Amino acid sequence: MTTDFSDLHQTIAAILEKEISEVPESYNKKRPYQSYERIQFPGIRWSVEKRITEYGLTRFLGADKVVLDIGSNFGFFVTEFAMTGGSAHGVEWNGYLNDIGRATAQALGVSGKVDFFTCSFEDFIAPLQYDVVFSLAAFYTADGHERTAARDYFGKVEAMLKPGGVVFYESTSYTKTEGSEAYSHYLARTSVLDWLRENMELVEEYETPSGSDGYFRQFAVARRV
Ligand SMILES: C[S@@+](CC[C@H](N)C(=O)[O-])C[C@H]1O[C@@H](n2cnc3c(N)ncnc32)[C@H](O)[C@@H]1O
């Protein structure tokens, strides 16, 4: 039996209409950014389910785990983590997007397992220590909102992890061609890898092609020692 999510889609469409008109740097002007198979919601990026599978994220989830998603966007990872694991928090400066996350959590019956914080990660005060922190295309963002140094951002992530907790990092999309804007994303990714290597236990790191020819994303898993 398939559930009818048309009311939720209408709620999301109404929020996005306002978001697009009031947030100049909105990612949703052409098409919504995140997609979510569970609610049959299409977007630009692979669905959260496909990303969870491709990135191997289920190994980090569990009924006893509390996780944080930085730059949580529509909150679809947060709700999916709550559906399949324990509690999940999202921190996202754009309050419209958190409203989408709350509406989705309510429609899926997981409101009691999620929390959305409307503030920049830089200003976020963690209410507890996390088992896992996800930073998915949320450091050195293309919208220009995240421009802290890797040591500040990932130092803060490390401090909010339980001992032995892990951070999963997905970079923004970059090229290795000097001079382009996308090259600055490559330098940002390199600064993250260097910081993780020097300050945490870098458990895994790999690069994949991303979209158009010559574009890549970096992935890394690091453990708090
Ligand atoms: C490229 S999108 C990635 C969204 C999501 N993490 C994903 O991978 O599907 C970047 C997200 O980070 C948010 N963001 C940008 N700067 C931020 C900051 N300083 N603190 C919190 N969120 C931020 C944006 O509003 C946007 O939702």
# chains A, B, ... in the order shown; residues from 1 in each chain; ligands from 1
>>> residues_near_ligand(ligand="ligand 1", cutoff="8 Å", atoms="only C-alpha atoms and all ligand atoms", output="PDB file with all heavy atoms, in the first residue's frame")
ATOM      1  N   SER A  26      18.780  30.930  -2.437  1.00  0.00           N
ATOM      2  CA  SER A  26      18.041  29.657  -2.426  1.00  0.00           C
ATOM      3  C   SER A  26      18.612  28.663  -3.446  1.00  0.00           C
ATOM      4  O   SER A  26      18.937  29.026  -4.570  1.00  0.00           O
ATOM      5  CB  SER A  26      16.571  29.914  -2.768  1.00  0.00           C
ATOM      6  OG  SER A  26      15.913  28.691  -2.991  1.00  0.00           O
ATOM      7  N   TYR A  27      18.717  27.409  -3.022  1.00  0.00           N
ATOM      8  CA  TYR A  27      19.162  26.340  -3.919  1.00  0.00           C
ATOM      9  C   TYR A  27      18.002  25.800  -4.761  1.00  0.00           C
ATOM     10  O   TYR A  27      18.194  24.898  -5.570  1.00  0.00           O
ATOM     11  CB  TYR A  27      19.688  25.152  -3.096  1.00  0.00           C
ATOM     12  CG  TYR A  27      21.039  25.342  -2.445  1.00  0.00           C
ATOM     13  CD1 TYR A  27      21.159  25.785  -1.135  1.00  0.00           C
ATOM     14  CD2 TYR A  27      22.207  25.042  -3.145  1.00  0.00           C
ATOM     15  CE1 TYR A  27      22.404  25.935  -0.531  1.00  0.00           C
ATOM     16  CE2 TYR A  27      23.458  25.180  -2.542  1.00  0.00           C
ATOM     17  CZ  TYR A  27      23.545  25.622  -1.239  1.00  0.00           C
ATOM     18  OH  TYR A  27      24.785  25.760  -0.650  1.00  0.00           O
ATOM     19  N   TYR A  33      16.225  21.033  -3.955  1.00  0.00           N
ATOM     20  CA  TYR A  33      17.575  20.460  -3.820  1.00  0.00           C
ATOM     21  C   TYR A  33      17.518  18.979  -3.426  1.00  0.00           C
ATOM     22  O   TYR A  33      17.977  18.113  -4.169  1.00  0.00           O
ATOM     23  CB  TYR A  33      18.368  21.274  -2.787  1.00  0.00           C
ATOM     24  CG  TYR A  33      19.810  20.839  -2.651  1.00  0.00           C
ATOM     25  CD1 TYR A  33      20.784  21.272  -3.558  1.00  0.00           C
ATOM     26  CD2 TYR A  33      20.211  19.996  -1.624  1.00  0.00           C
ATOM     27  CE1 TYR A  33      22.110  20.855  -3.432  1.00  0.00           C
ATOM     28  CE2 TYR A  33      21.542  19.584  -1.495  1.00  0.00           C
ATOM     29  CZ  TYR A  33      22.472  20.016  -2.405  1.00  0.00           C
ATOM     30  OH  TYR A  33      23.790  19.604  -2.285  1.00  0.00           O
ATOM     31  N   GLN A  34      16.957  18.665  -2.247  1.00  0.00           N
ATOM     32  CA  GLN A  34      16.980  17.260  -1.798  1.00  0.00           C
ATOM     33  C   GLN A  34      15.819  16.463  -2.389  1.00  0.00           C
ATOM     34  O   GLN A  34      14.765  17.022  -2.688  1.00  0.00           O
ATOM     35  CB  GLN A  34      16.889  17.181  -0.264  1.00  0.00           C
ATOM     36  CG  GLN A  34      18.196  17.521   0.427  1.00  0.00           C
ATOM     37  CD  GLN A  34      18.193  17.209   1.918  1.00  0.00           C
ATOM     38  OE1 GLN A  34      17.161  17.252   2.582  1.00  0.00           O
ATOM     39  NE2 GLN A  34      19.370  16.916   2.447  1.00  0.00           N
ATOM     40  N   ARG A  45      19.483  16.466  -6.160  1.00  0.00           N
ATOM     41  CA  ARG A  45      20.470  15.470  -5.714  1.00  0.00           C
ATOM     42  C   ARG A  45      19.863  14.065  -5.732  1.00  0.00           C
ATOM     43  O   ARG A  45      18.651  13.917  -5.744  1.00  0.00           O
ATOM     44  CB  ARG A  45      20.930  15.784  -4.269  1.00  0.00           C
ATOM     45  CG  ARG A  45      21.653  17.118  -4.066  1.00  0.00           C
ATOM     46  CD  ARG A  45      23.018  17.189  -4.710  1.00  0.00           C
ATOM     47  NE  ARG A  45      23.919  16.098  -4.436  1.00  0.00           N
ATOM     48  CZ  ARG A  45      24.803  16.052  -3.423  1.00  0.00           C
ATOM     49  NH1 ARG A  45      24.870  17.029  -2.556  1.00  0.00           N
ATOM     50  NH2 ARG A  45      25.626  15.011  -3.291  1.00  0.00           N
ATOM     51  N   VAL A  48      17.816  10.764  -0.654  1.00  0.00           N
ATOM     52  CA  VAL A  48      18.566  10.487   0.581  1.00  0.00           C
ATOM     53  C   VAL A  48      18.774   8.982   0.736  1.00  0.00           C
ATOM     54  O   VAL A  48      19.823   8.550   1.218  1.00  0.00           O
ATOM     55  CB  VAL A  48      17.909  11.104   1.842  1.00  0.00           C
ATOM     56  CG1 VAL A  48      17.868  12.604   1.770  1.00  0.00           C
ATOM     57  CG2 VAL A  48      16.539  10.557   2.098  1.00  0.00           C
ATOM     58  N   ASP A  69      23.023  16.297  11.809  1.00  0.00           N
ATOM     59  CA  ASP A  69      23.243  16.590  10.391  1.00  0.00           C
ATOM     60  C   ASP A  69      23.454  18.098  10.262  1.00  0.00           C
ATOM     61  O   ASP A  69      22.529  18.883  10.523  1.00  0.00           O
ATOM     62  CB  ASP A  69      22.020  16.130   9.579  1.00  0.00           C
ATOM     63  CG  ASP A  69      22.215  16.287   8.087  1.00  0.00           C
ATOM     64  OD1 ASP A  69      23.376  16.356   7.625  1.00  0.00           O
ATOM     65  OD2 ASP A  69      21.195  16.336   7.367  1.00  0.00           O
ATOM     66  N   ILE A  70      24.654  18.509   9.855  1.00  0.00           N
ATOM     67  CA  ILE A  70      24.962  19.946   9.713  1.00  0.00           C
ATOM     68  C   ILE A  70      24.509  20.400   8.325  1.00  0.00           C
ATOM     69  O   ILE A  70      24.785  19.733   7.326  1.00  0.00           O
ATOM     70  CB  ILE A  70      26.475  20.214   9.868  1.00  0.00           C
ATOM     71  CG1 ILE A  70      26.993  19.674  11.196  1.00  0.00           C
ATOM     72  CG2 ILE A  70      26.766  21.708   9.747  1.00  0.00           C
ATOM     73  CD1 ILE A  70      28.521  19.755  11.342  1.00  0.00           C
ATOM     74  N   GLY A  71      23.853  21.552   8.261  1.00  0.00           N
ATOM     75  CA  GLY A  71      23.353  22.049   6.978  1.00  0.00           C
ATOM     76  C   GLY A  71      22.272  21.101   6.469  1.00  0.00           C
ATOM     77  O   GLY A  71      22.330  20.600   5.351  1.00  0.00           O
ATOM     78  N   SER A  72      21.256  20.880   7.332  1.00  0.00           N
ATOM     79  CA  SER A  72      20.331  19.749   7.123  1.00  0.00           C
ATOM     80  C   SER A  72      19.318  19.980   6.015  1.00  0.00           C
ATOM     81  O   SER A  72      18.535  19.070   5.707  1.00  0.00           O
ATOM     82  CB  SER A  72      19.643  19.389   8.437  1.00  0.00           C
ATOM     83  OG  SER A  72      19.158  20.542   9.093  1.00  0.00           O
ATOM     84  N   ASN A  73      19.298  21.189   5.430  1.00  0.00           N
ATOM     85  CA  ASN A  73      18.484  21.444   4.243  1.00  0.00           C
ATOM     86  C   ASN A  73      17.019  21.106   4.513  1.00  0.00           C
ATOM     87  O   ASN A  73      16.453  21.608   5.470  1.00  0.00           O
ATOM     88  CB  ASN A  73      19.088  20.691   3.039  1.00  0.00           C
ATOM     89  CG  ASN A  73      18.640  21.225   1.697  1.00  0.00           C
ATOM     90  OD1 ASN A  73      17.820  20.607   1.015  1.00  0.00           O
ATOM     91  ND2 ASN A  73      19.152  22.374   1.305  1.00  0.00           N
ATOM     92  N   PHE A  74      16.368  20.255   3.709  1.00  0.00           N
ATOM     93  CA  PHE A  74      14.934  19.950   3.920  1.00  0.00           C
ATOM     94  C   PHE A  74      14.721  19.009   5.109  1.00  0.00           C
ATOM     95  O   PHE A  74      13.580  18.637   5.391  1.00  0.00           O
ATOM     96  CB  PHE A  74      14.339  19.278   2.679  1.00  0.00           C
ATOM     97  CG  PHE A  74      14.300  20.125   1.430  1.00  0.00           C
ATOM     98  CD1 PHE A  74      13.890  19.575   0.223  1.00  0.00           C
ATOM     99  CD2 PHE A  74      14.650  21.463   1.447  1.00  0.00           C
ATOM    100  CE1 PHE A  74      13.852  20.335  -0.937  1.00  0.00           C
ATOM    101  CE2 PHE A  74      14.616  22.233   0.287  1.00  0.00           C
ATOM    102  CZ  PHE A  74      14.209  21.666  -0.912  1.00  0.00           C
ATOM    103  N   PHE A  77      17.434  13.847   5.499  1.00  0.00           N
ATOM    104  CA  PHE A  77      18.345  12.888   6.148  1.00  0.00           C
ATOM    105  C   PHE A  77      17.942  12.729   7.613  1.00  0.00           C
ATOM    106  O   PHE A  77      17.948  11.623   8.149  1.00  0.00           O
ATOM    107  CB  PHE A  77      19.807  13.350   6.068  1.00  0.00           C
ATOM    108  CG  PHE A  77      20.495  13.000   4.772  1.00  0.00           C
ATOM    109  CD1 PHE A  77      20.735  13.971   3.822  1.00  0.00           C
ATOM    110  CD2 PHE A  77      20.904  11.692   4.512  1.00  0.00           C
ATOM    111  CE1 PHE A  77      21.358  13.648   2.618  1.00  0.00           C
ATOM    112  CE2 PHE A  77      21.531  11.360   3.322  1.00  0.00           C
ATOM    113  CZ  PHE A  77      21.758  12.341   2.371  1.00  0.00           C
ATOM    114  N   VAL A  91      20.942  21.036  12.063  1.00  0.00           N
ATOM    115  CA  VAL A  91      21.212  22.466  12.257  1.00  0.00           C
ATOM    116  C   VAL A  91      21.300  23.099  10.874  1.00  0.00           C
ATOM    117  O   VAL A  91      22.033  22.619  10.006  1.00  0.00           O
ATOM    118  CB  VAL A  91      22.471  22.731  13.136  1.00  0.00           C
ATOM    119  CG1 VAL A  91      23.705  22.021  12.636  1.00  0.00           C
ATOM    120  CG2 VAL A  91      22.723  24.231  13.263  1.00  0.00           C
ATOM    121  N   GLU A  92      20.500  24.149  10.696  1.00  0.00           N
ATOM    122  CA  GLU A  92      20.337  24.759   9.365  1.00  0.00           C
ATOM    123  C   GLU A  92      19.944  26.216   9.590  1.00  0.00           C
ATOM    124  O   GLU A  92      18.975  26.485  10.316  1.00  0.00           O
ATOM    125  CB  GLU A  92      19.240  23.974   8.617  1.00  0.00           C
ATOM    126  CG  GLU A  92      18.675  24.598   7.363  1.00  0.00           C
ATOM    127  CD  GLU A  92      19.710  24.795   6.260  1.00  0.00           C
ATOM    128  OE1 GLU A  92      20.296  23.818   5.778  1.00  0.00           O
ATOM    129  OE2 GLU A  92      19.949  25.979   5.901  1.00  0.00           O
ATOM    130  N   TRP A  93      20.676  27.160   8.995  1.00  0.00           N
ATOM    131  CA  TRP A  93      20.384  28.566   9.260  1.00  0.00           C
ATOM    132  C   TRP A  93      19.058  29.003   8.617  1.00  0.00           C
ATOM    133  O   TRP A  93      18.411  29.935   9.084  1.00  0.00           O
ATOM    134  CB  TRP A  93      21.516  29.483   8.757  1.00  0.00           C
ATOM    135  CG  TRP A  93      21.576  29.577   7.259  1.00  0.00           C
ATOM    136  CD1 TRP A  93      22.285  28.764   6.427  1.00  0.00           C
ATOM    137  CD2 TRP A  93      20.870  30.499   6.429  1.00  0.00           C
ATOM    138  NE1 TRP A  93      22.066  29.110   5.123  1.00  0.00           N
ATOM    139  CE2 TRP A  93      21.206  30.187   5.091  1.00  0.00           C
ATOM    140  CE3 TRP A  93      19.999  31.556   6.661  1.00  0.00           C
ATOM    141  CZ2 TRP A  93      20.673  30.893   3.999  1.00  0.00           C
ATOM    142  CZ3 TRP A  93      19.479  32.263   5.586  1.00  0.00           C
ATOM    143  CH2 TRP A  93      19.818  31.928   4.275  1.00  0.00           C
ATOM    144  N   ASN A  94      18.656  28.311   7.529  1.00  0.00           N
ATOM    145  CA  ASN A  94      17.484  28.726   6.749  1.00  0.00           C
ATOM    146  C   ASN A  94      16.215  28.100   7.368  1.00  0.00           C
ATOM    147  O   ASN A  94      15.936  26.918   7.175  1.00  0.00           O
ATOM    148  CB  ASN A  94      17.704  28.261   5.309  1.00  0.00           C
ATOM    149  CG  ASN A  94      16.608  28.689   4.368  1.00  0.00           C
ATOM    150  OD1 ASN A  94      15.481  28.913   4.779  1.00  0.00           O
ATOM    151  ND2 ASN A  94      16.941  28.775   3.087  1.00  0.00           N
ATOM    152  N   LEU A  97      13.626  25.881   5.525  1.00  0.00           N
ATOM    153  CA  LEU A  97      13.984  24.485   5.272  1.00  0.00           C
ATOM    154  C   LEU A  97      13.704  23.633   6.511  1.00  0.00           C
ATOM    155  O   LEU A  97      13.257  22.485   6.397  1.00  0.00           O
ATOM    156  CB  LEU A  97      15.453  24.379   4.841  1.00  0.00           C
ATOM    157  CG  LEU A  97      15.869  25.307   3.679  1.00  0.00           C
ATOM    158  CD1 LEU A  97      17.294  24.999   3.241  1.00  0.00           C
ATOM    159  CD2 LEU A  97      14.913  25.196   2.501  1.00  0.00           C
ATOM    160  N   CYS A 119      19.880  27.985  13.139  1.00  0.00           N
ATOM    161  CA  CYS A 119      21.019  28.883  13.339  1.00  0.00           C
ATOM    162  C   CYS A 119      22.179  28.369  12.487  1.00  0.00           C
ATOM    163  O   CYS A 119      22.143  27.232  12.013  1.00  0.00           O
ATOM    164  CB  CYS A 119      21.441  28.963  14.811  1.00  0.00           C
ATOM    165  SG  CYS A 119      22.056  27.433  15.492  1.00  0.00           S
ATOM    166  N   SER A 120      23.175  29.236  12.317  1.00  0.00           N
ATOM    167  CA  SER A 120      24.378  28.792  11.622  1.00  0.00           C
ATOM    168  C   SER A 120      25.105  27.795  12.506  1.00  0.00           C
ATOM    169  O   SER A 120      25.036  27.888  13.737  1.00  0.00           O
ATOM    170  CB  SER A 120      25.312  29.979  11.381  1.00  0.00           C
ATOM    171  OG  SER A 120      24.743  30.827  10.439  1.00  0.00           O
ATOM    172  N   PHE A 121      25.820  26.886  11.884  1.00  0.00           N
ATOM    173  CA  PHE A 121      26.596  25.915  12.656  1.00  0.00           C
ATOM    174  C   PHE A 121      27.576  26.644  13.578  1.00  0.00           C
ATOM    175  O   PHE A 121      27.814  26.221  14.717  1.00  0.00           O
ATOM    176  CB  PHE A 121      27.338  24.961  11.716  1.00  0.00           C
ATOM    177  CG  PHE A 121      28.176  23.960  12.452  1.00  0.00           C
ATOM    178  CD1 PHE A 121      27.589  23.078  13.350  1.00  0.00           C
ATOM    179  CD2 PHE A 121      29.552  23.907  12.270  1.00  0.00           C
ATOM    180  CE1 PHE A 121      28.359  22.158  14.058  1.00  0.00           C
ATOM    181  CE2 PHE A 121      30.322  22.995  12.961  1.00  0.00           C
ATOM    182  CZ  PHE A 121      29.730  22.117  13.860  1.00  0.00           C
ATOM    183  N   GLU A 122      28.109  27.782  13.118  1.00  0.00           N
ATOM    184  CA  GLU A 122      29.070  28.551  13.901  1.00  0.00           C
ATOM    185  C   GLU A 122      28.470  28.975  15.247  1.00  0.00           C
ATOM    186  O   GLU A 122      29.175  29.114  16.238  1.00  0.00           O
ATOM    187  CB  GLU A 122      29.511  29.815  13.126  1.00  0.00           C
ATOM    188  CG  GLU A 122      30.214  29.552  11.805  1.00  0.00           C
ATOM    189  CD  GLU A 122      29.267  29.349  10.618  1.00  0.00           C
ATOM    190  OE1 GLU A 122      28.360  28.487  10.692  1.00  0.00           O
ATOM    191  OE2 GLU A 122      29.448  30.034   9.609  1.00  0.00           O
ATOM    192  N   SER A 135      28.446  15.841   7.910  1.00  0.00           N
ATOM    193  CA  SER A 135      28.652  17.131   7.248  1.00  0.00           C
ATOM    194  C   SER A 135      28.604  16.858   5.747  1.00  0.00           C
ATOM    195  O   SER A 135      29.619  16.529   5.127  1.00  0.00           O
ATOM    196  CB  SER A 135      29.996  17.742   7.662  1.00  0.00           C
ATOM    197  OG  SER A 135      30.191  18.969   6.973  1.00  0.00           O
ATOM    198  N   LEU A 136      27.401  16.932   5.189  1.00  0.00           N
ATOM    199  CA  LEU A 136      27.177  16.554   3.787  1.00  0.00           C
ATOM    200  C   LEU A 136      27.065  17.828   2.959  1.00  0.00           C
ATOM    201  O   LEU A 136      26.060  18.560   3.057  1.00  0.00           O
ATOM    202  CB  LEU A 136      25.906  15.704   3.676  1.00  0.00           C
ATOM    203  CG  LEU A 136      25.856  14.479   4.614  1.00  0.00           C
ATOM    204  CD1 LEU A 136      24.482  13.815   4.573  1.00  0.00           C
ATOM    205  CD2 LEU A 136      26.939  13.476   4.238  1.00  0.00           C
ATOM    206  N   ALA A 137      28.088  18.107   2.173  1.00  0.00           N
ATOM    207  CA  ALA A 137      28.131  19.319   1.347  1.00  0.00           C
ATOM    208  C   ALA A 137      27.784  20.555   2.184  1.00  0.00           C
ATOM    209  O   ALA A 137      27.078  21.449   1.711  1.00  0.00           O
ATOM    210  CB  ALA A 137      27.177  19.181   0.157  1.00  0.00           C
ATOM    211  N   ALA A 138      28.267  20.582   3.430  1.00  0.00           N
ATOM    212  CA  ALA A 138      27.878  21.639   4.365  1.00  0.00           C
ATOM    213  C   ALA A 138      29.068  22.474   4.846  1.00  0.00           C
ATOM    214  O   ALA A 138      28.876  23.465   5.557  1.00  0.00           O
ATOM    215  CB  ALA A 138      27.154  21.034   5.568  1.00  0.00           C
ATOM    216  N   PHE A 139      30.294  22.079   4.479  1.00  0.00           N
ATOM    217  CA  PHE A 139      31.473  22.902   4.780  1.00  0.00           C
ATOM    218  C   PHE A 139      31.882  23.598   3.486  1.00  0.00           C
ATOM    219  O   PHE A 139      31.927  22.981   2.426  1.00  0.00           O
ATOM    220  CB  PHE A 139      32.634  22.024   5.275  1.00  0.00           C
ATOM    221  CG  PHE A 139      33.913  22.798   5.490  1.00  0.00           C
ATOM    222  CD1 PHE A 139      34.045  23.654   6.573  1.00  0.00           C
ATOM    223  CD2 PHE A 139      34.965  22.691   4.586  1.00  0.00           C
ATOM    224  CE1 PHE A 139      35.218  24.398   6.762  1.00  0.00           C
ATOM    225  CE2 PHE A 139      36.137  23.428   4.769  1.00  0.00           C
ATOM    226  CZ  PHE A 139      36.264  24.287   5.857  1.00  0.00           C
ATOM    227  N   TYR A 140      32.173  24.917   3.577  1.00  0.00           N
ATOM    228  CA  TYR A 140      32.525  25.722   2.400  1.00  0.00           C
ATOM    229  C   TYR A 140      31.420  25.594   1.339  1.00  0.00           C
ATOM    230  O   TYR A 140      31.634  25.140   0.213  1.00  0.00           O
ATOM    231  CB  TYR A 140      33.891  25.306   1.834  1.00  0.00           C
ATOM    232  CG  TYR A 140      34.528  26.391   0.992  1.00  0.00           C
ATOM    233  CD1 TYR A 140      35.250  27.418   1.589  1.00  0.00           C
ATOM    234  CD2 TYR A 140      34.388  26.415  -0.389  1.00  0.00           C
ATOM    235  CE1 TYR A 140      35.814  28.437   0.824  1.00  0.00           C
ATOM    236  CE2 TYR A 140      34.941  27.420  -1.162  1.00  0.00           C
ATOM    237  CZ  TYR A 140      35.656  28.418  -0.541  1.00  0.00           C
ATOM    238  OH  TYR A 140      36.217  29.429  -1.319  1.00  0.00           O
ATOM    239  N   THR A 141      30.218  26.007   1.750  1.00  0.00           N
ATOM    240  CA  THR A 141      29.050  25.830   0.878  1.00  0.00           C
ATOM    241  C   THR A 141      29.061  26.801  -0.306  1.00  0.00           C
ATOM    242  O   THR A 141      29.564  27.912  -0.214  1.00  0.00           O
ATOM    243  CB  THR A 141      27.750  26.056   1.687  1.00  0.00           C
ATOM    244  OG1 THR A 141      27.840  27.324   2.350  1.00  0.00           O
ATOM    245  CG2 THR A 141      27.544  24.960   2.707  1.00  0.00           C
ATOM    246  N   ALA A 142      28.437  26.364  -1.391  1.00  0.00           N
ATOM    247  CA  ALA A 142      28.382  27.184  -2.604  1.00  0.00           C
ATOM    248  C   ALA A 142      27.587  28.471  -2.375  1.00  0.00           C
ATOM    249  O   ALA A 142      27.799  29.468  -3.068  1.00  0.00           O
ATOM    250  CB  ALA A 142      27.744  26.374  -3.741  1.00  0.00           C
ATOM    251  N   ASP A 143      26.669  28.474  -1.373  1.00  0.00           N
ATOM    252  CA  ASP A 143      25.889  29.683  -1.099  1.00  0.00           C
ATOM    253  C   ASP A 143      26.712  30.752  -0.386  1.00  0.00           C
ATOM    254  O   ASP A 143      26.250  31.881  -0.204  1.00  0.00           O
ATOM    255  CB  ASP A 143      24.634  29.331  -0.265  1.00  0.00           C
ATOM    256  CG  ASP A 143      24.986  28.591   1.023  1.00  0.00           C
ATOM    257  OD1 ASP A 143      25.853  29.067   1.768  1.00  0.00           O
ATOM    258  OD2 ASP A 143      24.388  27.530   1.284  1.00  0.00           O
ATOM    259  N   GLY A 144      27.944  30.389   0.037  1.00  0.00           N
ATOM    260  CA  GLY A 144      28.831  31.361   0.677  1.00  0.00           C
ATOM    261  C   GLY A 144      28.564  31.561   2.164  1.00  0.00           C
ATOM    262  O   GLY A 144      29.255  32.338   2.826  1.00  0.00           O
ATOM    263  N   HIS A 145      27.592  30.857   2.736  1.00  0.00           N
ATOM    264  CA  HIS A 145      27.253  31.040   4.152  1.00  0.00           C
ATOM    265  C   HIS A 145      28.243  30.388   5.085  1.00  0.00           C
ATOM    266  O   HIS A 145      28.304  30.741   6.259  1.00  0.00           O
ATOM    267  CB  HIS A 145      25.870  30.456   4.449  1.00  0.00           C
ATOM    268  CG  HIS A 145      24.793  31.471   4.394  1.00  0.00           C
ATOM    269  ND1 HIS A 145      24.489  32.303   5.437  1.00  0.00           N
ATOM    270  CD2 HIS A 145      23.969  31.810   3.386  1.00  0.00           C
ATOM    271  CE1 HIS A 145      23.523  33.112   5.081  1.00  0.00           C
ATOM    272  NE2 HIS A 145      23.187  32.832   3.842  1.00  0.00           N
ATOM    273  N   GLU A 146      28.950  29.382   4.592  1.00  0.00           N
ATOM    274  CA  GLU A 146      29.886  28.673   5.473  1.00  0.00           C
ATOM    275  C   GLU A 146      31.291  28.947   4.963  1.00  0.00           C
ATOM    276  O   GLU A 146      31.692  28.435   3.923  1.00  0.00           O
ATOM    277  CB  GLU A 146      29.575  27.165   5.450  1.00  0.00           C
ATOM    278  CG  GLU A 146      30.054  26.455   6.712  1.00  0.00           C
ATOM    279  CD  GLU A 146      31.515  26.681   7.013  1.00  0.00           C
ATOM    280  OE1 GLU A 146      32.341  26.337   6.146  1.00  0.00           O
ATOM    281  OE2 GLU A 146      31.860  27.236   8.078  1.00  0.00           O
ATOM    282  N   ARG A 147      32.034  29.766   5.724  1.00  0.00           N
ATOM    283  CA  ARG A 147      33.379  30.133   5.277  1.00  0.00           C
ATOM    284  C   ARG A 147      34.355  30.124   6.450  1.00  0.00           C
ATOM    285  O   ARG A 147      35.262  30.953   6.508  1.00  0.00           O
ATOM    286  CB  ARG A 147      33.353  31.520   4.616  1.00  0.00           C
ATOM    287  CG  ARG A 147      32.816  31.518   3.181  1.00  0.00           C
ATOM    288  CD  ARG A 147      33.751  30.781   2.225  1.00  0.00           C
ATOM    289  NE  ARG A 147      33.240  30.743   0.872  1.00  0.00           N
ATOM    290  CZ  ARG A 147      32.386  29.832   0.392  1.00  0.00           C
ATOM    291  NH1 ARG A 147      31.942  28.864   1.176  1.00  0.00           N
ATOM    292  NH2 ARG A 147      31.981  29.863  -0.856  1.00  0.00           N
ATOM    293  N   GLU A 170      31.235  14.782   3.509  1.00  0.00           N
ATOM    294  CA  GLU A 170      31.116  14.826   2.044  1.00  0.00           C
ATOM    295  C   GLU A 170      31.441  16.254   1.641  1.00  0.00           C
ATOM    296  O   GLU A 170      30.844  17.197   2.177  1.00  0.00           O
ATOM    297  CB  GLU A 170      29.683  14.495   1.598  1.00  0.00           C
ATOM    298  CG  GLU A 170      29.471  14.658   0.090  1.00  0.00           C
ATOM    299  CD  GLU A 170      27.985  14.662  -0.341  1.00  0.00           C
ATOM    300  OE1 GLU A 170      27.097  14.649   0.529  1.00  0.00           O
ATOM    301  OE2 GLU A 170      27.739  14.702  -1.548  1.00  0.00           O
ATOM    302  N   THR A 172      31.807  19.646  -0.872  1.00  0.00           N
ATOM    303  CA  THR A 172      31.078  20.240  -1.984  1.00  0.00           C
ATOM    304  C   THR A 172      31.791  19.799  -3.267  1.00  0.00           C
ATOM    305  O   THR A 172      32.903  19.267  -3.223  1.00  0.00           O
ATOM    306  CB  THR A 172      31.072  21.779  -1.869  1.00  0.00           C
ATOM    307  OG1 THR A 172      32.430  22.216  -1.637  1.00  0.00           O
ATOM    308  CG2 THR A 172      30.205  22.235  -0.709  1.00  0.00           C
TER     309      THR A 172
END
>>> select_by_dssp(residues="region 13-185 of chain A", states="strand (DSSP E or B)", output="VMD selection string")
chain A and resid 35 to 36 41 47 66 to 70 87 to 91 114 to 117 130 to 136 161 to 170 174
>>> write_last_selection(atoms="C-alpha atoms", output="tab-separated table (two decimals), in the first residue's frame")
chain	number	residue	atom	x	y	z
A	35	SER	CA	14.91	14.29	-2.91
A	36	TYR	CA	13.26	11.61	-0.79
A	41	PHE	CA	9.59	13.86	-3.46
A	47	SER	CA	17.52	10.67	-3.06
A	66	VAL	CA	22.04	10.23	18.50
A	67	VAL	CA	23.25	11.92	15.34
A	68	LEU	CA	23.61	15.47	14.01
A	69	ASP	CA	23.24	16.59	10.39
A	70	ILE	CA	24.96	19.95	9.71
A	87	SER	CA	17.31	10.35	17.44
A	88	ALA	CA	18.48	12.90	14.90
A	89	HIS	CA	19.15	16.62	15.05
A	90	GLY	CA	19.55	19.06	12.19
A	91	VAL	CA	21.21	22.47	12.26
A	114	VAL	CA	13.99	14.76	15.72
A	115	ASP	CA	14.95	18.33	16.53
A	116	PHE	CA	15.75	21.15	14.10
A	117	PHE	CA	17.86	24.11	15.20
A	130	TYR	CA	26.70	12.96	19.45
A	131	ASP	CA	27.60	9.47	18.29
A	132	VAL	CA	27.87	10.65	14.69
A	133	VAL	CA	28.02	14.03	12.97
A	134	PHE	CA	27.26	14.24	9.26
A	135	SER	CA	28.65	17.13	7.25
A	136	LEU	CA	27.18	16.55	3.79
A	161	LEU	CA	31.35	14.02	19.49
A	162	LYS	CA	31.37	11.40	22.22
A	163	PRO	CA	34.84	9.80	22.62
A	164	GLY	CA	35.01	7.24	19.80
A	165	GLY	CA	32.28	9.07	17.88
A	166	VAL	CA	32.69	9.67	14.15
A	167	VAL	CA	32.28	12.45	11.64
A	168	PHE	CA	31.23	11.61	8.08
A	169	TYR	CA	32.34	14.29	5.60
A	170	GLU	CA	31.12	14.83	2.04
A	174	TYR	CA	35.13	20.77	-6.95
>>> residues_around(residues="Asn199 (chain A)", least_positions_apart="5", cutoff="9 Å", atoms="only C-alpha atoms", output="PyMOL selection string")
chain A and resi 155+158+194+224-225
>>> select_by_dssp(residues="region 92-143 of chain A", states="alpha helix (DSSP H)", output="VMD selection string")
chain A and resid 95 to 108
>>> residues_around(residues="region 9-17 of chain A", least_positions_apart="6", cutoff="10 Å", atoms="only C-alpha atoms", output="JSON, numbers by chain")
{"A": [23, 26, 28, 29, 32, 39, 40, 41, 74, 96, 97, 99, 100, 101, 103, 104]}
>>> closest_atom_pairs(of="region 35-88 of chain A", to="region 205-212 of chain A", cutoff="12 Å", atoms="only C-alpha atoms", output="tab-separated table")
residue	atom	partner	partner_atom	distance
A:Ile44	CA	A:Gly211	CA	11.0
A:Arg45	CA	A:Gly211	CA	10.0
A:Trp46	CA	A:Gly211	CA	10.9
A:Glu54	CA	A:Thr208	CA	10.9
A:Tyr55	CA	A:Tyr206	CA	10.6
